[in-house]
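What's in upload39.csv: CSV, C-alpha atoms
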chain,number,residue,atom,x,y,z
L,43,MET,CA,24.8,16.6,36.0
L,44,THR,CA,21.4,15.0,35.2
L,45,GLU,CA,20.5,17.4,32.4
L,46,GLU,CA,21.1,16.3,28.8
L,47,PHE,CA,23.9,18.0,26.9
L,48,HIS,CA,22.9,21.1,24.9
L,49,ARG,CA,23.7,19.8,21.4
L,50,ILE,CA,22.2,16.3,22.1
L,51,ARG,CA,18.9,18.0,23.1
L,52,ARG,CA,18.7,19.4,19.6
L,53,LEU,CA,18.7,15.8,18.1
L,54,PRO,CA,15.3,14.1,18.1
L,55,PRO,CA,14.9,10.4,19.0
L,56,TYR,CA,16.3,8.2,16.2
L,57,VAL,CA,13.2,7.3,14.1
L,58,PHE,CA,14.9,4.2,12.7
L,59,ALA,CA,15.6,2.8,16.2
L,60,GLU,CA,12.2,1.1,16.6
L,61,VAL,CA,12.5,-0.8,13.3
L,62,ASN,CA,16.2,-1.6,14.0
L,63,LYS,CA,15.3,-3.0,17.4
L,64,ALA,CA,12.5,-5.2,15.9
L,65,LYS,CA,14.9,-6.3,13.2
L,66,ALA,CA,17.6,-7.3,15.7
L,67,ALA,CA,15.0,-9.2,17.8
L,68,ALA,CA,13.7,-11.1,14.8
L,69,ARG,CA,17.2,-12.2,13.8
L,70,ALA,CA,18.0,-13.2,17.3
L,71,ALA,CA,14.9,-15.4,17.2
L,72,GLY,CA,16.3,-17.1,14.0
L,73,ASP,CA,14.0,-15.4,11.5
L,74,ASP,CA,15.3,-14.8,7.9
L,75,ILE,CA,15.0,-11.1,7.5
L,76,ILE,CA,15.5,-9.6,4.0
L,77,ASP,CA,17.0,-6.2,4.9
L,78,LEU,CA,16.1,-3.5,2.4
L,79,GLY,CA,16.3,-0.8,5.0
L,80,MET,CA,19.9,0.3,4.8
L,81,GLY,CA,21.8,1.8,1.7
L,82,ASN,CA,24.6,-0.6,2.2
L,83,PRO,CA,26.1,-2.0,-1.0
L,84,ASP,CA,26.4,-5.8,-1.1
L,85,SER,CA,28.9,-6.1,-4.0
L,86,ALA,CA,32.7,-6.4,-3.6
L,87,PRO,CA,34.8,-3.5,-4.8
L,88,PRO,CA,36.7,-3.9,-8.1
L,89,ALA,CA,39.4,-6.6,-7.8
L,90,HIS,CA,42.2,-4.4,-9.0
L,91,VAL,CA,41.3,-1.8,-6.3
L,92,VAL,CA,41.4,-4.4,-3.5
L,93,GLN,CA,44.7,-5.7,-4.9
L,94,LYS,CA,46.2,-2.2,-4.8
L,95,LEU,CA,45.1,-1.9,-1.2
L,96,ILE,CA,46.8,-5.2,-0.2
L,97,GLU,CA,49.9,-4.2,-2.1
L,98,THR,CA,50.1,-0.8,-0.4
L,99,VAL,CA,49.4,-2.2,3.1
L,100,GLY,CA,52.6,-4.3,2.6
L,101,ASN,CA,54.7,-1.1,2.5
L,102,PRO,CA,55.9,-0.3,6.0
L,103,ARG,CA,56.0,3.4,5.1
L,104,ALA,CA,52.3,3.5,4.4
L,105,HIS,CA,51.2,3.1,8.0
L,106,GLY,CA,52.1,6.6,9.4
L,107,TYR,CA,49.9,9.7,9.6
L,108,SER,CA,48.5,10.6,6.2
L,109,VAL,CA,47.5,14.0,4.8
L,110,SER,CA,44.2,15.5,6.1
L,111,ARG,CA,43.2,16.9,2.7
L,112,GLY,CA,44.2,13.9,0.7
L,113,ILE,CA,47.5,12.8,-1.0
L,114,PRO,CA,48.3,14.8,-4.1
L,115,GLY,CA,47.7,11.8,-6.5
L,116,LEU,CA,44.2,11.3,-5.1
L,117,ARG,CA,43.2,14.9,-5.5
L,118,LYS,CA,44.5,14.9,-9.0
L,119,ALA,CA,42.5,11.7,-9.7
L,120,MET,CA,39.3,13.3,-8.5
L,121,ALA,CA,40.0,16.4,-10.7
L,122,ASN,CA,40.6,14.1,-13.7
L,123,TYR,CA,37.3,12.4,-12.9
L,124,TYR,CA,35.4,15.7,-13.0
L,125,GLU,CA,37.0,16.7,-16.3
L,126,ARG,CA,36.2,13.3,-17.8
L,127,ARG,CA,32.7,12.9,-16.5
L,128,PHE,CA,31.4,16.5,-16.3
L,129,ASN,CA,33.8,18.6,-18.4
L,130,VAL,CA,34.5,20.6,-15.3
L,131,LEU,CA,38.1,21.8,-14.6
L,132,LEU,CA,39.3,21.7,-11.0
L,133,ASP,CA,42.5,22.8,-9.4
L,134,PRO,CA,43.6,19.9,-7.2
L,135,GLU,CA,45.5,22.3,-4.9
L,136,THR,CA,42.7,24.7,-4.1
L,137,GLU,CA,39.4,23.2,-5.3
L,138,VAL,CA,39.6,19.5,-4.2
L,139,ILE,CA,39.8,17.9,-0.7
L,140,ALA,CA,39.5,14.3,0.3
L,141,THR,CA,37.0,13.5,3.1
L,142,LEU,CA,36.2,10.5,5.3
L,143,GLY,CA,33.1,9.8,3.3
L,144,SER,CA,30.8,12.6,2.0
L,145,LYS,CA,28.9,12.5,5.3
L,146,GLU,CA,31.9,13.6,7.3
L,147,GLY,CA,32.7,16.3,4.8
L,148,LEU,CA,29.2,17.7,4.9
L,149,ALA,CA,29.1,17.7,8.7
L,150,ASN,CA,32.5,19.4,9.1
L,151,LEU,CA,31.8,22.0,6.4
L,152,ALA,CA,28.6,22.8,8.3
L,153,ALA,CA,30.7,23.3,11.4
L,154,ALA,CA,33.2,25.5,9.5
L,155,ILE,CA,30.7,27.9,7.9
L,156,THR,CA,27.9,28.1,10.4
L,157,SER,CA,27.3,30.8,13.1
L,158,PRO,CA,24.7,30.2,15.8
L,159,GLY,CA,21.3,31.1,14.6
L,160,ASP,CA,22.1,30.9,10.9
L,161,THR,CA,19.2,29.8,8.7
L,162,ILE,CA,19.9,26.9,6.3
L,163,LEU,CA,17.6,25.7,3.5
L,164,VAL,CA,17.3,21.9,3.4
L,165,PRO,CA,15.0,19.7,1.2
L,166,ASN,CA,12.4,17.7,3.2
L,167,PRO,CA,12.5,14.7,3.0
L,168,SER,CA,16.3,14.4,2.8
L,169,TYR,CA,19.2,12.3,4.1
L,170,PRO,CA,19.5,13.1,7.8
L,171,ILE,CA,23.0,14.6,7.8
L,172,HIS,CA,21.8,17.3,5.4
L,173,GLN,CA,19.8,19.0,8.2
L,174,PHE,CA,21.4,17.6,11.3
L,175,GLY,CA,24.9,18.5,10.4
L,176,PHE,CA,23.8,22.2,10.5
L,177,ILE,CA,21.6,21.7,13.5
L,178,ILE,CA,24.5,20.3,15.5
L,179,ALA,CA,26.5,23.3,14.4
L,180,GLY,CA,23.9,25.6,15.9
L,181,ALA,CA,21.9,26.6,12.8
L,182,SER,CA,18.2,26.7,12.3
L,183,VAL,CA,16.8,24.7,9.4
L,184,ARG,CA,14.0,25.8,7.0
L,185,SER,CA,12.4,23.0,4.9
L,186,ILE,CA,11.9,23.4,1.2
L,187,PRO,CA,10.3,21.0,-1.3
L,188,ALA,CA,12.5,18.1,-2.3
L,189,THR,CA,11.5,18.1,-6.0
L,190,PRO,CA,13.9,19.7,-8.6
L,191,ASP,CA,11.2,21.9,-10.1
L,192,GLU,CA,9.4,25.2,-9.9
L,193,ASP,CA,8.0,24.3,-6.4
L,194,MET,CA,11.5,24.3,-5.0
L,195,LEU,CA,12.5,27.4,-6.8
L,196,ARG,CA,9.4,29.3,-5.6
L,197,ALA,CA,10.0,28.1,-2.1
L,198,LEU,CA,13.5,29.4,-2.2
L,199,GLU,CA,12.3,32.8,-3.2
L,200,ARG,CA,9.8,32.8,-0.4
L,201,ALA,CA,12.4,31.7,2.1
L,202,VAL,CA,14.7,34.6,1.2
L,203,ARG,CA,11.8,37.1,1.7
L,204,HIS,CA,10.5,35.7,4.9
L,205,SER,CA,13.4,34.2,6.8
L,206,VAL,CA,15.1,36.1,9.6
L,207,PRO,CA,18.0,36.0,9.4
L,208,LYS,CA,18.4,35.6,5.7
L,209,PRO,CA,19.5,32.0,4.7
L,210,THR,CA,23.2,31.5,4.3
L,211,ALA,CA,23.3,28.1,2.6
L,212,LEU,CA,21.2,25.7,0.6
L,213,ILE,CA,21.6,21.9,0.5
L,214,VAL,CA,20.7,19.9,-2.7
L,215,ASN,CA,21.0,16.2,-3.4
L,216,PHE,CA,20.3,14.7,-6.8
L,217,PRO,CA,20.0,11.8,-7.5
L,218,SER,CA,18.3,12.0,-4.1
L,219,ASN,CA,18.4,9.9,-1.1
L,220,PRO,CA,15.6,9.0,-0.2
L,221,THR,CA,13.3,10.2,-3.0
L,222,ALA,CA,15.5,9.1,-6.0
L,223,PHE,CA,14.6,12.4,-7.8
L,224,VAL,CA,17.2,13.5,-10.5
L,225,ALA,CA,17.9,17.1,-11.5
L,226,ASN,CA,18.9,18.3,-14.9
L,227,LEU,CA,21.4,21.1,-15.9
L,228,ASP,CA,18.6,23.6,-16.6
L,229,PHE,CA,17.4,23.3,-13.0
L,230,TYR,CA,21.0,23.8,-11.7
L,231,LYS,CA,21.3,26.9,-13.8
L,232,GLU,CA,18.3,28.3,-12.0
L,233,LEU,CA,19.7,27.4,-8.6
L,234,VAL,CA,23.1,29.0,-9.4
L,235,ALA,CA,21.5,32.2,-10.6
L,236,PHE,CA,19.4,32.3,-7.4
L,237,ALA,CA,22.4,31.7,-5.2
L,238,ARG,CA,24.6,34.3,-7.0
L,239,ARG,CA,21.8,36.8,-6.8
L,240,GLU,CA,21.1,36.3,-3.1
L,241,ASN,CA,24.7,35.5,-1.9
L,242,ILE,CA,23.8,32.0,-0.7
L,243,TRP,CA,26.2,29.1,-0.7
L,244,ILE,CA,25.1,25.8,-2.3
L,245,LEU,CA,26.2,22.4,-1.0
L,246,SER,CA,25.5,19.7,-3.5
L,247,ASP,CA,25.5,16.1,-2.5
L,248,LEU,CA,26.3,14.0,-5.6
L,249,ALA,CA,27.0,10.7,-3.9
L,250,TYR,CA,24.8,8.8,-6.5
L,251,ALA,CA,26.2,10.4,-9.6
L,252,GLU,CA,26.9,7.0,-11.3
L,253,ILE,CA,23.7,5.2,-10.4
L,254,TYR,CA,21.2,6.3,-12.9
L,255,PHE,CA,18.9,4.3,-15.3
L,256,ASN,CA,18.5,6.5,-18.3
L,257,GLU,CA,21.7,5.9,-20.2
L,258,ASN,CA,21.1,9.0,-22.3
L,259,GLU,CA,20.8,11.4,-19.4
L,260,PRO,CA,23.5,10.9,-16.8
L,261,PRO,CA,23.1,13.2,-13.8
L,262,PRO,CA,25.0,16.4,-14.2
L,263,SER,CA,27.2,18.2,-11.7
L,264,ILE,CA,26.1,21.6,-10.6
L,265,LEU,CA,29.7,22.8,-11.2
L,266,ALA,CA,29.0,22.4,-14.9
L,267,VAL,CA,27.0,25.6,-14.8
L,268,PRO,CA,29.1,28.6,-15.6
L,269,GLY,CA,29.8,30.6,-12.5
L,270,ALA,CA,28.8,27.8,-10.2
L,271,LYS,CA,32.2,27.6,-8.5
L,272,ASP,CA,31.6,31.2,-7.2
L,273,VAL,CA,28.9,29.8,-4.9
L,274,ALA,CA,28.9,26.0,-4.8
L,275,VAL,CA,30.8,23.1,-3.5
L,276,GLU,CA,29.9,19.5,-4.3
L,277,PHE,CA,30.4,16.2,-2.4
L,278,THR,CA,31.0,12.9,-4.0
L,279,SER,CA,31.8,9.4,-2.6
L,280,MET,CA,33.5,6.2,-3.5
L,281,SER,CA,30.9,4.3,-1.5
L,282,LYS,CA,28.2,3.6,-4.1
L,283,THR,CA,30.1,4.0,-7.3
L,284,TYR,CA,32.8,1.4,-6.4
L,285,SER,CA,31.0,-0.5,-3.5
L,286,MET,CA,33.6,0.9,-1.1
L,287,ALA,CA,31.1,2.1,1.6
L,288,GLY,CA,33.1,0.9,4.6
L,289,TRP,CA,36.4,2.4,3.2
L,290,ARG,CA,35.0,5.9,4.0
L,291,MET,CA,36.5,7.8,1.1
L,292,GLY,CA,34.8,10.9,-0.3
L,293,PHE,CA,35.5,14.3,-1.7
L,294,ALA,CA,34.5,17.9,-1.7
L,295,VAL,CA,35.2,20.0,-4.8
L,296,GLY,CA,34.4,23.4,-6.0
L,297,ASN,CA,34.5,26.9,-4.4
L,298,PRO,CA,38.0,27.6,-3.1
L,299,LYS,CA,36.8,29.5,-0.1
L,300,LEU,CA,34.6,26.7,1.1
L,301,ILE,CA,37.3,24.1,0.3
L,302,GLN,CA,39.8,26.2,2.4
L,303,ALA,CA,37.3,26.4,5.3
L,304,LEU,CA,36.8,22.6,5.2
L,305,THR,CA,40.6,22.0,4.9
L,306,ARG,CA,41.3,24.2,7.9
L,307,ILE,CA,38.7,22.7,10.2
L,308,LYS,CA,39.7,19.1,9.2
L,309,SER,CA,43.4,19.9,9.9
L,310,TYR,CA,42.4,20.2,13.6
L,311,LEU,CA,40.3,17.0,13.6
L,312,ASP,CA,41.9,14.3,11.6
L,313,TYR,CA,45.0,13.1,9.8
L,314,GLY,CA,43.1,11.9,6.7
L,315,ALA,CA,42.1,8.5,5.6
L,316,PHE,CA,44.5,5.5,5.9
L,317,THR,CA,47.1,6.0,3.1
L,318,PRO,CA,46.6,2.6,1.5
L,319,ILE,CA,42.9,3.4,1.1
L,320,GLN,CA,43.8,6.6,-0.6
L,321,VAL,CA,46.2,4.9,-2.9
L,322,ALA,CA,43.6,2.2,-3.8
L,323,SER,CA,41.0,5.0,-4.4
L,324,VAL,CA,43.4,6.5,-7.0
L,325,ALA,CA,43.5,3.1,-8.7
L,326,ALA,CA,39.6,3.1,-8.7
L,327,LEU,CA,39.4,6.6,-10.2
L,328,ASN,CA,42.2,6.2,-12.8
L,329,GLY,CA,41.7,2.6,-13.7
L,330,PRO,CA,39.2,0.8,-16.0
L,331,GLN,CA,35.6,1.9,-15.4
L,332,ASP,CA,33.8,-1.2,-16.6
L,333,TYR,CA,32.9,-2.0,-13.0
L,334,VAL,CA,30.8,1.2,-12.8
L,335,SER,CA,28.7,0.3,-15.8
L,336,GLU,CA,28.2,-3.2,-14.4
L,337,ILE,CA,27.1,-1.9,-11.1
L,338,ARG,CA,24.7,0.5,-12.8
L,339,ALA,CA,23.2,-2.4,-14.8
L,340,MET,CA,22.9,-4.5,-11.7
L,341,TYR,CA,20.9,-1.9,-9.8
L,342,LYS,CA,18.7,-1.4,-12.8
L,343,ASP,CA,17.9,-5.1,-13.0
L,344,ARG,CA,17.2,-5.1,-9.3
L,345,ARG,CA,14.9,-2.0,-9.6
L,346,ASP,CA,12.9,-3.7,-12.4
L,347,VAL,CA,12.6,-7.0,-10.4
L,348,LEU,CA,11.4,-5.1,-7.3
L,349,LEU,CA,8.9,-3.0,-9.2
L,350,ARG,CA,7.4,-5.9,-11.1
L,351,GLY,CA,7.1,-7.9,-7.9
L,352,LEU,CA,5.5,-5.0,-6.0
L,353,GLN,CA,3.1,-4.3,-8.8
L,354,SER,CA,2.0,-8.0,-8.8
L,355,ALA,CA,1.4,-7.6,-5.1
L,356,GLY,CA,-0.8,-4.6,-5.7
L,357,TRP,CA,1.7,-2.0,-4.5
L,358,GLU,CA,2.2,0.7,-7.1
L,359,VAL,CA,5.6,2.3,-6.7
L,360,PRO,CA,7.1,5.0,-9.0
L,361,ALA,CA,10.2,3.8,-10.9
L,362,PRO,CA,13.3,5.6,-9.5
L,363,ALA,CA,15.4,7.4,-12.2
L,364,GLY,CA,18.5,7.1,-10.1
L,365,SER,CA,20.0,6.2,-6.7
L,366,MET,CA,19.8,2.7,-5.2
L,367,PHE,CA,16.4,3.2,-3.6
L,368,ALA,CA,12.7,3.2,-4.4
L,369,TRP,CA,10.6,5.8,-2.6
L,370,ALA,CA,7.4,4.0,-2.1
L,371,PRO,CA,4.1,5.5,-0.9
L,372,ILE,CA,2.5,3.4,1.8
L,373,PRO,CA,-0.3,1.3,0.2
L,374,PRO,CA,-3.7,2.9,0.8
L,375,ALA,CA,-5.0,0.1,3.1
L,376,PHE,CA,-2.1,0.9,5.5
L,377,ALA,CA,-1.8,4.7,5.0
L,378,GLU,CA,-3.3,5.7,8.3
L,379,MET,CA,-0.8,3.6,10.3
L,380,GLY,CA,2.1,5.9,9.4
L,381,SER,CA,5.5,4.8,8.1
L,382,VAL,CA,7.0,3.5,11.4
L,383,ALA,CA,4.1,1.2,12.3
L,384,PHE,CA,3.8,0.0,8.7
L,385,SER,CA,7.6,-0.8,8.6
L,386,LYS,CA,7.3,-2.7,11.8
L,387,LEU,CA,4.3,-4.7,10.5
L,388,LEU,CA,6.0,-5.5,7.2
L,389,LEU,CA,9.0,-6.7,9.1
L,390,LYS,CA,7.0,-8.8,11.5
L,391,GLU,CA,4.7,-10.5,9.0
L,392,ALA,CA,6.7,-10.5,5.7
L,393,GLY,CA,10.2,-10.6,7.1
L,394,VAL,CA,11.2,-7.6,5.0
L,395,ALA,CA,12.9,-4.6,6.5
L,396,VAL,CA,12.4,-1.1,4.9
L,397,ALA,CA,13.2,2.4,6.2
L,398,PRO,CA,10.3,4.5,7.5
L,399,GLY,CA,9.9,7.8,5.6
L,400,LEU,CA,9.5,9.8,8.8
L,401,GLY,CA,13.2,9.2,9.4
L,402,PHE,CA,14.0,11.5,6.5
L,403,GLY,CA,11.9,14.4,7.7
L,404,GLU,CA,8.2,15.0,8.6
L,405,TYR,CA,7.3,15.3,4.9
L,406,GLY,CA,8.6,11.8,4.4
L,407,GLU,CA,5.7,10.5,6.4
L,408,GLY,CA,3.4,8.3,4.2
L,409,PHE,CA,6.4,6.7,2.4
L,410,VAL,CA,9.0,4.0,3.0
L,411,ARG,CA,12.4,3.8,1.4
L,412,ILE,CA,13.3,0.4,-0.1
L,413,GLY,CA,17.0,-0.3,-0.9
L,414,LEU,CA,18.1,-2.3,-3.9
L,415,VAL,CA,20.7,-3.9,-1.7
L,416,GLU,CA,19.9,-7.6,-2.2
L,417,ASN,CA,20.3,-9.8,-5.3
L,418,THR,CA,17.4,-10.4,-7.6
L,419,GLN,CA,16.6,-13.8,-6.1
L,420,ARG,CA,16.2,-12.3,-2.6
L,421,LEU,CA,14.2,-9.4,-4.1
L,422,ARG,CA,11.8,-11.9,-5.7
L,423,GLN,CA,11.5,-13.7,-2.3
L,424,ALA,CA,10.8,-10.3,-0.7
L,425,THR,CA,8.1,-9.4,-3.1
L,426,ARG,CA,6.4,-12.8,-2.8
L,427,ALA,CA,6.3,-12.3,1.0
L,428,ILE,CA,4.9,-8.8,0.5
L,429,LYS,CA,2.3,-10.1,-1.8
L,430,SER,CA,1.2,-12.7,0.8
L,431,PHE,CA,1.2,-9.9,3.4
L,432,MET,CA,-0.9,-7.6,1.3
L,433,THR,CA,-3.4,-10.4,0.5
L,434,ARG,CA,-3.9,-11.1,4.1
L,435,HIS,CA,-4.4,-7.5,5.1
L,436,CYS,CA,-6.2,-5.8,2.2
L,437,THR,CA,-9.4,-7.7,2.7
L,438,GLY,CA,-11.1,-5.3,5.0
L,439,ALA,CA,-8.9,-5.1,8.1
L,440,GLY,CA,-9.4,-1.7,9.8
L,441,THR,CA,-6.7,0.6,11.0
L,442,ALA,CA,-7.1,-0.5,14.6
L,443,ASP,CA,-6.6,-4.1,13.6
L,444,LEU,CA,-3.5,-3.3,11.7
L,445,LEU,CA,-2.0,-1.2,14.5
L,446,GLY,CA,-2.7,-4.0,16.9
L,447,ALA,CA,-0.9,-6.5,14.6
L,448,ALA,CA,2.1,-4.2,14.4
L,449,SER,CA,2.4,-3.7,18.2
L,450,SER,CA,1.6,-7.3,19.3
In structure tokens, how does this file's structure come out?
Amino acid sequence: MTEEFHRIRRLPPYVFAEVNKAKAAARAAGDDIIDLGMGNPDSAPPAHVVQKLIETVGNPRAHGYSVSRGIPGLRKAMANYYERRFNVLLDPETEVIATLGSKEGLANLAAAITSPGDTILVPNPSYPIHQFGFIIAGASVRSIPATPDEDMLRALERAVRHSVPKPTALIVNFPSNPTAFVANLDFYKELVAFARRENIWILSDLAYAEIYFNENEPPPSILAVPGAKDVAVEFTSMSKTYSMAGWRMGFAVGNPKLIQALTRIKSYLDYGAFTPIQVASVAALNGPQDYVSEIRAMYKDRRDVLLRGLQSAGWEVPAPAGSMFAWAPIPPAFAEMGSVAFSKLLLKEAGVAVAPGLGFGEYGEGFVRIGLVENTQRLRQATRAIKSFMTRHCTGAGTADLLGAASS
């Protein structure tokens, strides 16, 4: 009775816990913390979507059990979105399912398709559910490079040759959380050809499809590749596109066999999202899309303000092409500290919370993820505090001194 449960033993200590604990303590002490550590949208959803929710909540018939795979109108709305946005045709009956956010869908599909001991290919660094959904399901995870280029493709070929058992599935996520990398259609063509040749499933996480900063190159869907539906399923979400994160509404679309597997396992686990949320999500997908363009412009403004401020502070950070994050290499003066200690020090002395890169996999060490989740005024305040922090510490302080400052 004193031993830890088997599946819990497979989960490492939560890397973000130390920073979250320090953040809570600082706030309890009355400190003003600018929290750029979570990917939590701070904007209100579109007004007409909220109004549709309120209207539907007023209907007494809307409060019963819903449909696990999503009401028909919602699945049709998602199919229409894919045709409009990606020129991809989907059958709402067999190739679309609503999920309780993309995270739930990924985890439940992992449970549906995984046998104990399966090998799954996962980019490193990546969003934690990409690997831990499969680890919880009993699989082994093999890391591959997170960049959408030849390095990943070569690593995939090596993995097929040298993994026992042979990999059964591959996770991809572009625009990426946390790295903000964006893939193009040519890269997806290579992935689909590889997966078809090796009989490997592809699970694509496209949660940040509408947050991109090159207006001439919107991120594609892997399903736009001919033949992709033979091997691929794709997850999307209302969370970032419409600032509906707490509503927990997402989708899986694509390969009918994978959609059926997810449908079957979900039928045992839930009754679907609250019906008014599904109805309001239809209004979001089918209604005017001005909001989406406005949100994209807002995140671009925030990105530019953040990068200019960090550059002024002496912290060079690559400009993200998409997502709502900047993937920032730890400044050289602090590099030996590691991402957790650096994040704690930045929180303590600058009042700015960021996410340590180690939390996204061992190859995330040496980076922190900075969320574009505060308005431009607060971002300017954050970068001024970081500049002061950098000035104090980049004048010869040794690693031991910095570590002492972080732990004291």
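Among the candidates L:Ala237, L:Ala225, L:Ala392, L:Leu245, the one nearest to Ile213 (chain L) when counting all atoms listed in the file is L:Leu245.
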Applying 12 Å and all atoms listed in the file, which residues near Asp332 (chain L) remain after dropping the ones on its own chain fewer than 5 positions away? List them as a PDB file with C-alpha atoms, in the coordinates of the input.
ATOM      1  CA  PRO L  88      36.700  -3.900  -8.100  1.00  0.00           C
ATOM      2  CA  ALA L  89      39.400  -6.600  -7.800  1.00  0.00           C
ATOM      3  CA  HIS L  90      42.200  -4.400  -9.000  1.00  0.00           C
ATOM      4  CA  GLU L 252      26.900   7.000 -11.300  1.00  0.00           C
ATOM      5  CA  THR L 283      30.100   4.000  -7.300  1.00  0.00           C
ATOM      6  CA  TYR L 284      32.800   1.400  -6.400  1.00  0.00           C
ATOM      7  CA  ALA L 326      39.600   3.100  -8.700  1.00  0.00           C
ATOM      8  CA  LEU L 327      39.400   6.600 -10.200  1.00  0.00           C
ATOM      9  CA  ILE L 337      27.100  -1.900 -11.100  1.00  0.00           C
ATOM     10  CA  ARG L 338      24.700   0.500 -12.800  1.00  0.00           C
ATOM     11  CA  ALA L 339      23.200  -2.400 -14.800  1.00  0.00           C
TER      12      ALA L 339
END
When you draw a straight line from CA of Arg103 (chain L) to CA of Ile319 (chain L), how long is it in Å?
13.7 Å
If you take all atoms listed in the file and a cut-off of 12 Å, which residues of region 354-414 of chain L touch region 54-71 of chain L, and what are their nearest atom pairs and distances in Å to one decimal, in chain and number order, as CSV?
residue,atom,partner,partner_atom,distance
L:Ser381,CA,L:Val57,CA,10.1
L:Val382,CA,L:Val61,CA,7.2
L:Ala383,CA,L:Val61,CA,8.7
L:Phe384,CA,L:Val61,CA,9.9
L:Ser385,CA,L:Val61,CA,6.8
L:Lys386,CA,L:Val61,CA,5.7
L:Leu387,CA,L:Val61,CA,9.5
L:Leu388,CA,L:Val61,CA,10.1
L:Leu389,CA,L:Lys65,CA,7.2
L:Lys390,CA,L:Ala68,CA,7.8
L:Glu391,CA,L:Ala68,CA,10.7
L:Ala392,CA,L:Ala68,CA,11.5
L:Gly393,CA,L:Ala68,CA,8.5
L:Val394,CA,L:Lys65,CA,9.1
L:Ala395,CA,L:Lys65,CA,7.2
L:Val396,CA,L:Val61,CA,8.4
L:Ala397,CA,L:Phe58,CA,7.0
L:Pro398,CA,L:Phe58,CA,6.9
L:Gly399,CA,L:Val57,CA,9.1
L:Leu400,CA,L:Val57,CA,6.9
L:Gly401,CA,L:Val57,CA,5.1
L:Phe402,CA,L:Val57,CA,8.7
L:Gly403,CA,L:Val57,CA,9.6
L:Glu404,CA,L:Val57,CA,10.7
L:Gly406,CA,L:Val57,CA,11.6
L:Glu407,CA,L:Val57,CA,11.2
L:Val410,CA,L:Phe58,CA,11.4
L:Arg411,CA,L:Phe58,CA,11.6
Met120 (chain L) surroundings by all atoms listed in the file, 10 Å radius, close-in-sequence under 6 positions cut, as a PyMOL selection string:
chain L and resi 126+132+134+138-140+278+292-295+323-324+327-328
Enumerate, as an MDAnalysis selection string, the protein, DNA and RNA residues whose atoms approach (10.1, 6.9, -7.1) to within 6 Å, taking into account all atoms listed in the file and the coordinate frame of the file.
chainID L and resid 222 360:362 368:369
Atom-to-atom span, CA of Leu95 (chain L) and CA of Trp289 (chain L), Å
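Between these atoms lies a distance of 10.7 Å.
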Contacts of Gly81 (chain L) within 12 Å, all atoms listed in the file, excl. fewer than 6 positions in-chain, as a list of chain:residue names:
L:Tyr169, L:Asn219, L:Pro220, L:Ala249, L:Tyr250, L:Ser281, L:Lys282, L:Ser285, L:Ala287, L:Gly288, L:Ser365, L:Met366, L:Phe367, L:Ala368, L:Ala395, L:Val396, L:Ala397, L:Arg411, L:Ile412, L:Gly413, L:Leu414, L:Val415, L:Glu416
Quick one: pull the distance between CA of Ile372 (chain L) and CA of Gly408 (chain L), Å, one decimal.
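That distance, rounded to one decimal, is 5.5 Å.
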Ala154 (chain L): which residues within 8 Å, counting all atoms listed in the file, same-chain residues fewer than 3 positions away excluded, as a PyMOL selection string?
chain L and resi 150-151+303-304+307
Would you give me, as a tab-separated table, each residue of region 68-186 of chain L having an atom within 9 Å of an atom of region 308-316 of chain L, along with its shortest atom pair and that distance in Å to one decimal, using only C-alpha atoms and sorting by chain and residue number?
residue	atom	partner	partner_atom	distance
L:Ala104	CA	L:Phe316	CA	8.2
L:His105	CA	L:Phe316	CA	7.4
L:Gly106	CA	L:Phe316	CA	8.4
L:Tyr107	CA	L:Tyr313	CA	6.0
L:Ser108	CA	L:Gly314	CA	5.6
L:Val109	CA	L:Gly314	CA	5.2
L:Ser110	CA	L:Gly314	CA	3.8
L:Arg111	CA	L:Gly314	CA	6.4
L:Gly112	CA	L:Gly314	CA	6.4
L:Ile113	CA	L:Gly314	CA	8.9
L:Ala140	CA	L:Gly314	CA	7.7
L:Thr141	CA	L:Gly314	CA	7.3
L:Leu142	CA	L:Ala315	CA	6.2
L:Gly147	CA	L:Lys308	CA	8.7
L:Asn150	CA	L:Lys308	CA	7.2
L:Leu151	CA	L:Lys308	CA	8.9
Show which residues sit within 8 Å of region 161-166 of chain L, as a list in words. Count all atoms listed in the file, and ignore same-chain residues fewer than 3 positions away.
His172, Gln173, Phe176, Ala181, Ser182, Val183, Arg184, Ser185, Ile186, Pro187, Ala188, Leu198, Ser205, Val206, Pro207, Lys208, Pro209, Thr210, Ala211, Leu212, Ile213, Val214, Phe402, Gly403, Glu404, Tyr405 and Gly406 of chain L
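Minimum atom-to-atom distance to Gly356 (chain L), evaluated using only C-alpha atoms, belongs to L:Thr425 out of L:Asn226, L:Asn122, L:Ser218, L:Thr425.
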Which residue, L:Pro318, L:Ala270, L:Ala363, L:Leu421, has the smallest gap to Gly296 (chain L) when you use only C-alpha atoms?
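When distances to Gly296 (chain L) are compared using only C-alpha atoms, the smallest one comes from L:Ala270.
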